[in-house]
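Asker: Below is a structure I'd like to ask you about.
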Amino acid sequence: SKLMNEPGEAIPFIEIKENEEFEVNMNAMSVFQEIGDRKIAPIIIGGPWRSGKSFLANRLLKQMKGFAIGSTVRACTKGIWMWNKPVRINDEMDAVIMDAEG
């Protein structure tokens, strides 16, 4: 599939708008549509503010970059972000790694 051949990147999944309403990002929905009938294992990393959630998400992807990591006390993650390339678990299931705002 086209999705599996492209390099991965972090994309917004659920965005928080200025009026504090939530919106599902259409690019994220296309990732789930691409998975099709396969089972999905969501891996959602949550925790306190500035506790290394994005770093852990990157390590699960076996890389050092991908999800934004801040070196200051200012948070980088707003809403919920996801990796746009599912991780193949087995013949029937893919994992989708998500990073939540602290």
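Going through the structure tokens in order, the chains are called A, B, and so on, while each chain numbers its residues from 1 and the ligands are numbered from 1 in the order shown.
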Residues within 12 Å of Ser30 (chain A), please, as an NGL selection string. Count only C-alpha atoms; anything in the same chain fewer than 2 positions from it doesn't count.
Answerer: :A and (2-3 or 11 or 13 or 24-28 or 32-36 or 84-86)
Asker: Mind dumping the selected residues with N, CA and C atoms as a short mmCIF file (atom, residue, chain, number, x, y, z; two decimals), in the first residue's frame?
Answerer:
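The new file part_5.cif reads:
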data_model
loop_
_atom_site.label_atom_id
_atom_site.label_comp_id
_atom_site.auth_asym_id
_atom_site.auth_seq_id
_atom_site.Cartn_x
_atom_site.Cartn_y
_atom_site.Cartn_z
N LYS A 2 0.33 2.33 -0.46
CA LYS A 2 1.05 3.60 -0.53
C LYS A 2 1.55 4.03 0.85
N LEU A 3 0.70 3.92 1.86
CA LEU A 3 1.04 4.37 3.20
C LEU A 3 2.26 3.65 3.76
N ILE A 11 1.45 12.97 13.05
CA ILE A 11 0.39 13.83 12.54
C ILE A 11 -0.65 14.02 13.64
N PHE A 13 -4.03 13.69 15.51
CA PHE A 13 -5.16 12.77 15.46
C PHE A 13 -6.40 13.51 15.95
N VAL A 24 -11.36 15.60 14.88
CA VAL A 24 -10.54 14.51 14.37
C VAL A 24 -9.95 14.96 13.04
N ASN A 25 -8.64 14.82 12.91
CA ASN A 25 -7.94 15.22 11.71
C ASN A 25 -8.21 14.23 10.58
N MET A 26 -8.52 14.73 9.39
CA MET A 26 -8.87 13.88 8.26
C MET A 26 -7.70 13.03 7.78
N ASN A 27 -6.46 13.55 7.88
CA ASN A 27 -5.29 12.74 7.51
C ASN A 27 -5.16 11.53 8.42
N ALA A 28 -5.48 11.71 9.69
CA ALA A 28 -5.45 10.58 10.64
C ALA A 28 -6.51 9.55 10.27
N PHE A 32 -6.41 5.15 9.31
CA PHE A 32 -7.28 4.05 9.75
C PHE A 32 -7.99 3.40 8.57
N GLN A 33 -8.38 4.18 7.59
CA GLN A 33 -9.02 3.62 6.40
C GLN A 33 -8.05 2.74 5.63
N GLU A 34 -6.79 3.13 5.58
CA GLU A 34 -5.75 2.35 4.90
C GLU A 34 -5.55 0.99 5.58
N ILE A 35 -5.70 0.95 6.90
CA ILE A 35 -5.55 -0.31 7.63
C ILE A 35 -6.64 -1.29 7.21
N GLY A 36 -7.81 -0.76 6.91
CA GLY A 36 -8.90 -1.60 6.41
C GLY A 36 -9.49 -2.51 7.47
N ASN A 84 1.84 8.12 11.55
CA ASN A 84 1.01 7.85 10.38
C ASN A 84 1.33 6.53 9.68
N LYS A 85 2.28 5.75 10.22
CA LYS A 85 2.57 4.42 9.68
C LYS A 85 2.26 3.39 10.75
N PRO A 86 1.25 2.56 10.54
CA PRO A 86 0.96 1.50 11.52
C PRO A 86 2.17 0.57 11.67
#
Asker: Write out as a PDB file with all heavy atoms, in the first residue's frame all residues of chain A that DSSP puts in strand (DSSP E or B) for this structure's backbone.
Answerer:
ATOM      1  N   ALA A  10       4.795  12.079  12.586  1.00  0.00           N
ATOM      2  CA  ALA A  10       3.746  12.343  13.564  1.00  0.00           C
ATOM      3  C   ALA A  10       2.746  13.314  12.944  1.00  0.00           C
ATOM      4  O   ALA A  10       3.135  14.322  12.354  1.00  0.00           O
ATOM      5  CB  ALA A  10       4.346  12.937  14.835  1.00  0.00           C
ATOM      6  N   ILE A  11       1.453  12.968  13.055  1.00  0.00           N
ATOM      7  CA  ILE A  11       0.395  13.831  12.543  1.00  0.00           C
ATOM      8  C   ILE A  11      -0.654  14.022  13.637  1.00  0.00           C
ATOM      9  O   ILE A  11      -0.808  13.161  14.505  1.00  0.00           O
ATOM     10  CB  ILE A  11      -0.266  13.251  11.266  1.00  0.00           C
ATOM     11  CG1 ILE A  11      -0.925  11.887  11.556  1.00  0.00           C
ATOM     12  CG2 ILE A  11       0.741  13.164  10.131  1.00  0.00           C
ATOM     13  CD1 ILE A  11      -1.759  11.335  10.406  1.00  0.00           C
ATOM     14  N   PRO A  12      -1.385  15.132  13.607  1.00  0.00           N
ATOM     15  CA  PRO A  12      -2.447  15.311  14.602  1.00  0.00           C
ATOM     16  C   PRO A  12      -3.536  14.254  14.410  1.00  0.00           C
ATOM     17  O   PRO A  12      -3.894  13.936  13.284  1.00  0.00           O
ATOM     18  CB  PRO A  12      -3.004  16.700  14.306  1.00  0.00           C
ATOM     19  CG  PRO A  12      -2.047  17.349  13.379  1.00  0.00           C
ATOM     20  CD  PRO A  12      -1.273  16.263  12.709  1.00  0.00           C
ATOM     21  N   PHE A  13      -4.026  13.690  15.513  1.00  0.00           N
ATOM     22  CA  PHE A  13      -5.163  12.769  15.465  1.00  0.00           C
ATOM     23  C   PHE A  13      -6.405  13.510  15.948  1.00  0.00           C
ATOM     24  O   PHE A  13      -7.372  13.670  15.238  1.00  0.00           O
ATOM     25  CB  PHE A  13      -4.889  11.530  16.303  1.00  0.00           C
ATOM     26  CG  PHE A  13      -6.061  10.593  16.449  1.00  0.00           C
ATOM     27  CD1 PHE A  13      -6.887  10.300  15.370  1.00  0.00           C
ATOM     28  CD2 PHE A  13      -6.342  10.003  17.660  1.00  0.00           C
ATOM     29  CE1 PHE A  13      -7.976   9.436  15.510  1.00  0.00           C
ATOM     30  CE2 PHE A  13      -7.413   9.140  17.804  1.00  0.00           C
ATOM     31  CZ  PHE A  13      -8.233   8.856  16.735  1.00  0.00           C
ATOM     32  N   ILE A  14      -6.341  14.009  17.176  1.00  0.00           N
ATOM     33  CA  ILE A  14      -7.427  14.822  17.727  1.00  0.00           C
ATOM     34  C   ILE A  14      -6.839  16.183  18.065  1.00  0.00           C
ATOM     35  O   ILE A  14      -5.904  16.284  18.857  1.00  0.00           O
ATOM     36  CB  ILE A  14      -8.071  14.175  18.964  1.00  0.00           C
ATOM     37  CG1 ILE A  14      -8.712  12.850  18.559  1.00  0.00           C
ATOM     38  CG2 ILE A  14      -9.084  15.120  19.597  1.00  0.00           C
ATOM     39  CD1 ILE A  14      -9.323  12.080  19.697  1.00  0.00           C
ATOM     40  N   GLU A  15      -7.377  17.209  17.422  1.00  0.00           N
ATOM     41  CA  GLU A  15      -6.890  18.561  17.626  1.00  0.00           C
ATOM     42  C   GLU A  15      -7.846  19.328  18.529  1.00  0.00           C
ATOM     43  O   GLU A  15      -9.056  19.129  18.460  1.00  0.00           O
ATOM     44  CB  GLU A  15      -6.764  19.274  16.286  1.00  0.00           C
ATOM     45  CG  GLU A  15      -5.782  18.594  15.342  1.00  0.00           C
ATOM     46  CD  GLU A  15      -5.755  19.240  13.983  1.00  0.00           C
ATOM     47  OE1 GLU A  15      -6.615  18.894  13.149  1.00  0.00           O
ATOM     48  OE2 GLU A  15      -4.880  20.101  13.768  1.00  0.00           O
ATOM     49  N   ILE A  16      -7.281  20.186  19.354  1.00  0.00           N
ATOM     50  CA  ILE A  16      -8.082  21.050  20.217  1.00  0.00           C
ATOM     51  C   ILE A  16      -8.101  22.426  19.566  1.00  0.00           C
ATOM     52  O   ILE A  16      -7.063  23.055  19.389  1.00  0.00           O
ATOM     53  CB  ILE A  16      -7.504  21.117  21.642  1.00  0.00           C
ATOM     54  CG1 ILE A  16      -7.430  19.712  22.242  1.00  0.00           C
ATOM     55  CG2 ILE A  16      -8.339  22.049  22.508  1.00  0.00           C
ATOM     56  CD1 ILE A  16      -6.689  19.645  23.550  1.00  0.00           C
ATOM     57  N   PHE A  22     -13.088  19.714  20.122  1.00  0.00           N
ATOM     58  CA  PHE A  22     -12.197  18.699  19.589  1.00  0.00           C
ATOM     59  C   PHE A  22     -12.560  18.414  18.143  1.00  0.00           C
ATOM     60  O   PHE A  22     -13.724  18.447  17.772  1.00  0.00           O
ATOM     61  CB  PHE A  22     -12.327  17.398  20.395  1.00  0.00           C
ATOM     62  CG  PHE A  22     -11.901  17.550  21.820  1.00  0.00           C
ATOM     63  CD1 PHE A  22     -12.818  17.880  22.803  1.00  0.00           C
ATOM     64  CD2 PHE A  22     -10.585  17.355  22.177  1.00  0.00           C
ATOM     65  CE1 PHE A  22     -12.438  18.020  24.124  1.00  0.00           C
ATOM     66  CE2 PHE A  22     -10.180  17.493  23.495  1.00  0.00           C
ATOM     67  CZ  PHE A  22     -11.108  17.827  24.467  1.00  0.00           C
ATOM     68  N   GLU A  23     -11.533  18.091  17.349  1.00  0.00           N
ATOM     69  CA  GLU A  23     -11.771  17.752  15.946  1.00  0.00           C
ATOM     70  C   GLU A  23     -10.824  16.631  15.536  1.00  0.00           C
ATOM     71  O   GLU A  23      -9.630  16.688  15.813  1.00  0.00           O
ATOM     72  CB  GLU A  23     -11.547  18.980  15.077  1.00  0.00           C
ATOM     73  CG  GLU A  23     -11.816  18.754  13.606  1.00  0.00           C
ATOM     74  CD  GLU A  23     -11.704  20.036  12.815  1.00  0.00           C
ATOM     75  OE1 GLU A  23     -12.557  20.920  13.009  1.00  0.00           O
ATOM     76  OE2 GLU A  23     -10.748  20.143  12.034  1.00  0.00           O
ATOM     77  N   VAL A  24     -11.362  15.598  14.877  1.00  0.00           N
ATOM     78  CA  VAL A  24     -10.541  14.511  14.365  1.00  0.00           C
ATOM     79  C   VAL A  24      -9.946  14.958  13.041  1.00  0.00           C
ATOM     80  O   VAL A  24     -10.649  15.443  12.159  1.00  0.00           O
ATOM     81  CB  VAL A  24     -11.365  13.217  14.179  1.00  0.00           C
ATOM     82  CG1 VAL A  24     -10.521  12.129  13.548  1.00  0.00           C
ATOM     83  CG2 VAL A  24     -11.930  12.753  15.513  1.00  0.00           C
ATOM     84  N   LYS A  39      -7.120  -5.802  12.463  1.00  0.00           N
ATOM     85  CA  LYS A  39      -7.336  -5.360  13.845  1.00  0.00           C
ATOM     86  C   LYS A  39      -6.336  -4.253  14.162  1.00  0.00           C
ATOM     87  O   LYS A  39      -5.225  -4.238  13.642  1.00  0.00           O
ATOM     88  CB  LYS A  39      -7.138  -6.531  14.806  1.00  0.00           C
ATOM     89  CG  LYS A  39      -8.169  -7.622  14.640  1.00  0.00           C
ATOM     90  CD  LYS A  39      -7.874  -8.772  15.568  1.00  0.00           C
ATOM     91  CE  LYS A  39      -8.871  -9.895  15.337  1.00  0.00           C
ATOM     92  NZ  LYS A  39      -8.515 -11.090  16.122  1.00  0.00           N
ATOM     93  N   ILE A  40      -6.754  -3.329  15.035  1.00  0.00           N
ATOM     94  CA  ILE A  40      -5.904  -2.208  15.441  1.00  0.00           C
ATOM     95  C   ILE A  40      -5.658  -2.281  16.935  1.00  0.00           C
ATOM     96  O   ILE A  40      -6.594  -2.386  17.724  1.00  0.00           O
ATOM     97  CB  ILE A  40      -6.561  -0.860  15.088  1.00  0.00           C
ATOM     98  CG1 ILE A  40      -6.812  -0.757  13.590  1.00  0.00           C
ATOM     99  CG2 ILE A  40      -5.699   0.299  15.587  1.00  0.00           C
ATOM    100  CD1 ILE A  40      -7.629   0.454  13.197  1.00  0.00           C
ATOM    101  N   ALA A  41      -4.382  -2.208  17.311  1.00  0.00           N
ATOM    102  CA  ALA A  41      -3.996  -2.141  18.720  1.00  0.00           C
ATOM    103  C   ALA A  41      -3.489  -0.718  18.978  1.00  0.00           C
ATOM    104  O   ALA A  41      -2.354  -0.392  18.613  1.00  0.00           O
ATOM    105  CB  ALA A  41      -2.902  -3.159  19.028  1.00  0.00           C
ATOM    106  N   PRO A  42      -4.328   0.160  19.543  1.00  0.00           N
ATOM    107  CA  PRO A  42      -3.842   1.514  19.819  1.00  0.00           C
ATOM    108  C   PRO A  42      -2.898   1.504  21.017  1.00  0.00           C
ATOM    109  O   PRO A  42      -3.196   0.910  22.052  1.00  0.00           O
ATOM    110  CB  PRO A  42      -5.118   2.295  20.126  1.00  0.00           C
ATOM    111  CG  PRO A  42      -6.105   1.267  20.574  1.00  0.00           C
ATOM    112  CD  PRO A  42      -5.720  -0.024  19.905  1.00  0.00           C
ATOM    113  N   ILE A  43      -1.748   2.119  20.853  1.00  0.00           N
ATOM    114  CA  ILE A  43      -0.796   2.298  21.954  1.00  0.00           C
ATOM    115  C   ILE A  43      -0.778   3.787  22.244  1.00  0.00           C
ATOM    116  O   ILE A  43      -0.208   4.568  21.480  1.00  0.00           O
ATOM    117  CB  ILE A  43       0.604   1.773  21.587  1.00  0.00           C
ATOM    118  CG1 ILE A  43       0.533   0.281  21.254  1.00  0.00           C
ATOM    119  CG2 ILE A  43       1.592   2.056  22.712  1.00  0.00           C
ATOM    120  CD1 ILE A  43       1.821  -0.293  20.707  1.00  0.00           C
ATOM    121  N   ILE A  44      -1.449   4.172  23.325  1.00  0.00           N
ATOM    122  CA  ILE A  44      -1.615   5.582  23.658  1.00  0.00           C
ATOM    123  C   ILE A  44      -0.749   5.892  24.873  1.00  0.00           C
ATOM    124  O   ILE A  44      -0.923   5.294  25.937  1.00  0.00           O
ATOM    125  CB  ILE A  44      -3.086   5.913  23.942  1.00  0.00           C
ATOM    126  CG1 ILE A  44      -3.944   5.488  22.744  1.00  0.00           C
ATOM    127  CG2 ILE A  44      -3.254   7.392  24.256  1.00  0.00           C
ATOM    128  CD1 ILE A  44      -5.420   5.469  23.025  1.00  0.00           C
ATOM    129  N   ILE A  45       0.175   6.813  24.700  1.00  0.00           N
ATOM    130  CA  ILE A  45       1.094   7.165  25.778  1.00  0.00           C
ATOM    131  C   ILE A  45       0.579   8.428  26.444  1.00  0.00           C
ATOM    132  O   ILE A  45       0.494   9.488  25.815  1.00  0.00           O
ATOM    133  CB  ILE A  45       2.522   7.356  25.235  1.00  0.00           C
ATOM    134  CG1 ILE A  45       2.962   6.041  24.565  1.00  0.00           C
ATOM    135  CG2 ILE A  45       3.467   7.770  26.348  1.00  0.00           C
ATOM    136  CD1 ILE A  45       4.204   6.153  23.763  1.00  0.00           C
ATOM    137  N   ILE A  80      -3.947  15.060  20.722  1.00  0.00           N
ATOM    138  CA  ILE A  80      -3.396  13.712  20.576  1.00  0.00           C
ATOM    139  C   ILE A  80      -2.800  13.589  19.185  1.00  0.00           C
ATOM    140  O   ILE A  80      -3.460  13.892  18.187  1.00  0.00           O
ATOM    141  CB  ILE A  80      -4.478  12.627  20.780  1.00  0.00           C
ATOM    142  CG1 ILE A  80      -5.062  12.737  22.190  1.00  0.00           C
ATOM    143  CG2 ILE A  80      -3.887  11.231  20.548  1.00  0.00           C
ATOM    144  CD1 ILE A  80      -6.229  11.794  22.440  1.00  0.00           C
ATOM    145  N   TRP A  81      -1.554  13.173  19.115  1.00  0.00           N
ATOM    146  CA  TRP A  81      -0.857  12.961  17.855  1.00  0.00           C
ATOM    147  C   TRP A  81      -0.677  11.464  17.647  1.00  0.00           C
ATOM    148  O   TRP A  81      -0.695  10.684  18.600  1.00  0.00           O
ATOM    149  CB  TRP A  81       0.497  13.661  17.868  1.00  0.00           C
ATOM    150  CG  TRP A  81       0.365  15.150  17.731  1.00  0.00           C
ATOM    151  CD1 TRP A  81      -0.240  16.001  18.614  1.00  0.00           C
ATOM    152  CD2 TRP A  81       0.814  15.948  16.656  1.00  0.00           C
ATOM    153  NE1 TRP A  81      -0.190  17.290  18.138  1.00  0.00           N
ATOM    154  CE2 TRP A  81       0.463  17.282  16.945  1.00  0.00           C
ATOM    155  CE3 TRP A  81       1.503  15.673  15.471  1.00  0.00           C
ATOM    156  CZ2 TRP A  81       0.769  18.335  16.088  1.00  0.00           C
ATOM    157  CZ3 TRP A  81       1.809  16.722  14.622  1.00  0.00           C
ATOM    158  CH2 TRP A  81       1.433  18.036  14.925  1.00  0.00           C
ATOM    159  N   MET A  82      -0.496  11.059  16.404  1.00  0.00           N
ATOM    160  CA  MET A  82      -0.289   9.638  16.107  1.00  0.00           C
ATOM    161  C   MET A  82       0.760   9.503  15.011  1.00  0.00           C
ATOM    162  O   MET A  82       0.992  10.430  14.232  1.00  0.00           O
ATOM    163  CB  MET A  82      -1.595   8.989  15.652  1.00  0.00           C
ATOM    164  CG  MET A  82      -2.175   9.560  14.377  1.00  0.00           C
ATOM    165  SD  MET A  82      -3.737   8.798  13.896  1.00  0.00           S
ATOM    166  CE  MET A  82      -3.144   7.353  13.059  1.00  0.00           C
ATOM    167  N   TRP A  83       1.393   8.335  14.984  1.00  0.00           N
ATOM    168  CA  TRP A  83       2.341   8.029  13.923  1.00  0.00           C
ATOM    169  C   TRP A  83       1.537   7.583  12.717  1.00  0.00           C
ATOM    170  O   TRP A  83       0.628   6.766  12.840  1.00  0.00           O
ATOM    171  CB  TRP A  83       3.300   6.941  14.382  1.00  0.00           C
ATOM    172  CG  TRP A  83       4.522   6.853  13.526  1.00  0.00           C
ATOM    173  CD1 TRP A  83       4.864   5.818  12.727  1.00  0.00           C
ATOM    174  CD2 TRP A  83       5.549   7.830  13.403  1.00  0.00           C
ATOM    175  NE1 TRP A  83       6.048   6.095  12.091  1.00  0.00           N
ATOM    176  CE2 TRP A  83       6.490   7.329  12.489  1.00  0.00           C
ATOM    177  CE3 TRP A  83       5.764   9.091  13.958  1.00  0.00           C
ATOM    178  CZ2 TRP A  83       7.634   8.032  12.125  1.00  0.00           C
ATOM    179  CZ3 TRP A  83       6.904   9.780  13.597  1.00  0.00           C
ATOM    180  CH2 TRP A  83       7.832   9.256  12.698  1.00  0.00           C
ATOM    181  N   VAL A  87       2.305   0.008  12.854  1.00  0.00           N
ATOM    182  CA  VAL A  87       3.381  -0.940  13.136  1.00  0.00           C
ATOM    183  C   VAL A  87       2.782  -2.345  13.059  1.00  0.00           C
ATOM    184  O   VAL A  87       1.852  -2.660  13.801  1.00  0.00           O
ATOM    185  CB  VAL A  87       3.990  -0.677  14.533  1.00  0.00           C
ATOM    186  CG1 VAL A  87       5.047  -1.712  14.854  1.00  0.00           C
ATOM    187  CG2 VAL A  87       4.548   0.739  14.611  1.00  0.00           C
ATOM    188  N   ARG A  88       3.283  -3.163  12.176  1.00  0.00           N
ATOM    189  CA  ARG A  88       2.762  -4.526  11.994  1.00  0.00           C
ATOM    190  C   ARG A  88       3.080  -5.367  13.230  1.00  0.00           C
ATOM    191  O   ARG A  88       4.228  -5.515  13.606  1.00  0.00           O
ATOM    192  CB  ARG A  88       3.380  -5.130  10.735  1.00  0.00           C
ATOM    193  CG  ARG A  88       2.947  -6.527  10.356  1.00  0.00           C
ATOM    194  CD  ARG A  88       1.500  -6.704   9.944  1.00  0.00           C
ATOM    195  NE  ARG A  88       0.924  -5.728   9.072  1.00  0.00           N
ATOM    196  CZ  ARG A  88       0.752  -5.845   7.766  1.00  0.00           C
ATOM    197  NH1 ARG A  88       1.140  -6.918   7.144  1.00  0.00           N
ATOM    198  NH2 ARG A  88       0.169  -4.889   7.080  1.00  0.00           N
ATOM    199  N   MET A  93      -2.935  -7.975  12.797  1.00  0.00           N
ATOM    200  CA  MET A  93      -3.051  -6.774  13.628  1.00  0.00           C
ATOM    201  C   MET A  93      -1.921  -5.778  13.387  1.00  0.00           C
ATOM    202  O   MET A  93      -0.771  -6.165  13.211  1.00  0.00           O
ATOM    203  CB  MET A  93      -3.051  -7.186  15.101  1.00  0.00           C
ATOM    204  CG  MET A  93      -3.249  -6.037  16.064  1.00  0.00           C
ATOM    205  SD  MET A  93      -3.259  -6.553  17.794  1.00  0.00           S
ATOM    206  CE  MET A  93      -4.612  -7.698  17.815  1.00  0.00           C
ATOM    207  N   ASP A  94      -2.293  -4.493  13.396  1.00  0.00           N
ATOM    208  CA  ASP A  94      -1.344  -3.381  13.360  1.00  0.00           C
ATOM    209  C   ASP A  94      -1.507  -2.565  14.633  1.00  0.00           C
ATOM    210  O   ASP A  94      -2.611  -2.436  15.154  1.00  0.00           O
ATOM    211  CB  ASP A  94      -1.629  -2.458  12.168  1.00  0.00           C
ATOM    212  CG  ASP A  94      -1.319  -3.099  10.830  1.00  0.00           C
ATOM    213  OD1 ASP A  94      -0.442  -3.972  10.777  1.00  0.00           O
ATOM    214  OD2 ASP A  94      -1.948  -2.700   9.843  1.00  0.00           O
ATOM    215  N   ALA A  95      -0.403  -1.992  15.111  1.00  0.00           N
ATOM    216  CA  ALA A  95      -0.459  -1.045  16.237  1.00  0.00           C
ATOM    217  C   ALA A  95      -0.371   0.361  15.680  1.00  0.00           C
ATOM    218  O   ALA A  95       0.314   0.607  14.691  1.00  0.00           O
ATOM    219  CB  ALA A  95       0.680  -1.312  17.209  1.00  0.00           C
ATOM    220  N   VAL A  96      -1.094   1.281  16.312  1.00  0.00           N
ATOM    221  CA  VAL A  96      -0.990   2.696  15.992  1.00  0.00           C
ATOM    222  C   VAL A  96      -0.503   3.389  17.256  1.00  0.00           C
ATOM    223  O   VAL A  96      -1.146   3.319  18.304  1.00  0.00           O
ATOM    224  CB  VAL A  96      -2.350   3.269  15.519  1.00  0.00           C
ATOM    225  CG1 VAL A  96      -2.238   4.767  15.283  1.00  0.00           C
ATOM    226  CG2 VAL A  96      -2.816   2.562  14.258  1.00  0.00           C
ATOM    227  N   ILE A  97       0.656   4.045  17.160  1.00  0.00           N
ATOM    228  CA  ILE A  97       1.245   4.688  18.332  1.00  0.00           C
ATOM    229  C   ILE A  97       0.762   6.137  18.398  1.00  0.00           C
ATOM    230  O   ILE A  97       0.821   6.879  17.416  1.00  0.00           O
ATOM    231  CB  ILE A  97       2.784   4.621  18.261  1.00  0.00           C
ATOM    232  CG1 ILE A  97       3.200   3.139  18.306  1.00  0.00           C
ATOM    233  CG2 ILE A  97       3.423   5.420  19.389  1.00  0.00           C
ATOM    234  CD1 ILE A  97       4.664   2.889  18.195  1.00  0.00           C
ATOM    235  N   MET A  98       0.254   6.494  19.597  1.00  0.00           N
ATOM    236  CA  MET A  98      -0.308   7.819  19.824  1.00  0.00           C
ATOM    237  C   MET A  98       0.366   8.485  21.016  1.00  0.00           C
ATOM    238  O   MET A  98       0.720   7.814  21.983  1.00  0.00           O
ATOM    239  CB  MET A  98      -1.806   7.731  20.063  1.00  0.00           C
ATOM    240  CG  MET A  98      -2.573   7.145  18.916  1.00  0.00           C
ATOM    241  SD  MET A  98      -4.338   7.118  19.259  1.00  0.00           S
ATOM    242  CE  MET A  98      -4.903   6.064  17.945  1.00  0.00           C
ATOM    243  N   ASP A  99       0.500   9.790  20.939  1.00  0.00           N
ATOM    244  CA  ASP A  99       1.149  10.597  21.974  1.00  0.00           C
ATOM    245  C   ASP A  99       0.141  11.652  22.433  1.00  0.00           C
ATOM    246  O   ASP A  99      -0.340  12.439  21.619  1.00  0.00           O
ATOM    247  CB  ASP A  99       2.393  11.251  21.374  1.00  0.00           C
ATOM    248  CG  ASP A  99       3.178  12.079  22.362  1.00  0.00           C
ATOM    249  OD1 ASP A  99       2.977  11.938  23.574  1.00  0.00           O
ATOM    250  OD2 ASP A  99       4.010  12.891  21.898  1.00  0.00           O
ATOM    251  N   ALA A 100      -0.184  11.643  23.721  1.00  0.00           N
ATOM    252  CA  ALA A 100      -1.193  12.542  24.262  1.00  0.00           C
ATOM    253  C   ALA A 100      -0.560  13.730  24.976  1.00  0.00           C
ATOM    254  O   ALA A 100       0.513  13.619  25.548  1.00  0.00           O
ATOM    255  CB  ALA A 100      -2.103  11.785  25.238  1.00  0.00           C
TER     256      ALA A 100
END
Asker: DSSP on the backbone, alpha helix (DSSP H) only: what residues of chain A does that give? Format it as a ChimeraX atom specification.
Answerer: /A:2-5,26-35,53-60
Asker: Please produce a file of those selected residues containing C-alpha atoms, as a PDB file, in the first residue's frame.
Answerer:
ATOM      1  CA  LYS A   2       1.052   3.599  -0.531  1.00  0.00           C
ATOM      2  CA  LEU A   3       1.035   4.373   3.203  1.00  0.00           C
ATOM      3  CA  MET A   4       3.428   1.559   4.148  1.00  0.00           C
ATOM      4  CA  ASN A   5       6.040   2.655   1.547  1.00  0.00           C
ATOM      5  CA  MET A  26      -8.875  13.875   8.263  1.00  0.00           C
ATOM      6  CA  ASN A  27      -5.287  12.741   7.512  1.00  0.00           C
ATOM      7  CA  ALA A  28      -5.449  10.583  10.635  1.00  0.00           C
ATOM      8  CA  MET A  29      -8.729   9.085   9.495  1.00  0.00           C
ATOM      9  CA  SER A  30      -7.121   8.093   6.199  1.00  0.00           C
ATOM     10  CA  VAL A  31      -4.498   6.093   8.143  1.00  0.00           C
ATOM     11  CA  PHE A  32      -7.280   4.053   9.754  1.00  0.00           C
ATOM     12  CA  GLN A  33      -9.017   3.618   6.401  1.00  0.00           C
ATOM     13  CA  GLU A  34      -5.754   2.348   4.897  1.00  0.00           C
ATOM     14  CA  ILE A  35      -5.551  -0.313   7.631  1.00  0.00           C
ATOM     15  CA  LYS A  53       5.773  10.691  26.632  1.00  0.00           C
ATOM     16  CA  SER A  54       7.009  11.806  23.202  1.00  0.00           C
ATOM     17  CA  PHE A  55      10.475  10.392  23.908  1.00  0.00           C
ATOM     18  CA  LEU A  56       8.915   7.024  24.807  1.00  0.00           C
ATOM     19  CA  ALA A  57       6.772   7.079  21.644  1.00  0.00           C
ATOM     20  CA  ASN A  58       9.900   7.662  19.561  1.00  0.00           C
ATOM     21  CA  ARG A  59      11.730   4.814  21.304  1.00  0.00           C
ATOM     22  CA  LEU A  60       8.800   2.455  20.586  1.00  0.00           C
TER      23      LEU A  60
END
Asker: So the first atom is CA of Glu92 (chain A) and the second is CA of Gly79 (chain A); what is the distance between them in Å, to one decimal place?
Answerer: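 Answer for the CA of Glu92 (chain A) to CA of Gly79 (chain A) separation: 29.0 Å.
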Asker: Distance CA of Lys62 (chain A)-CA of Ile89 (chain A), one decimal place?
Answerer: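 So the two atoms, CA of Lys62 (chain A) and CA of Ile89 (chain A), lie 14.5 Å apart.
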Asker: Quote the spacing between CA of Gly66 (chain A) and CA of Lys78 (chain A) in Å to one decimal place.
Answerer: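 Interatomic distance, CA of Gly66 (chain A) to CA of Lys78 (chain A): 15.0 Å.
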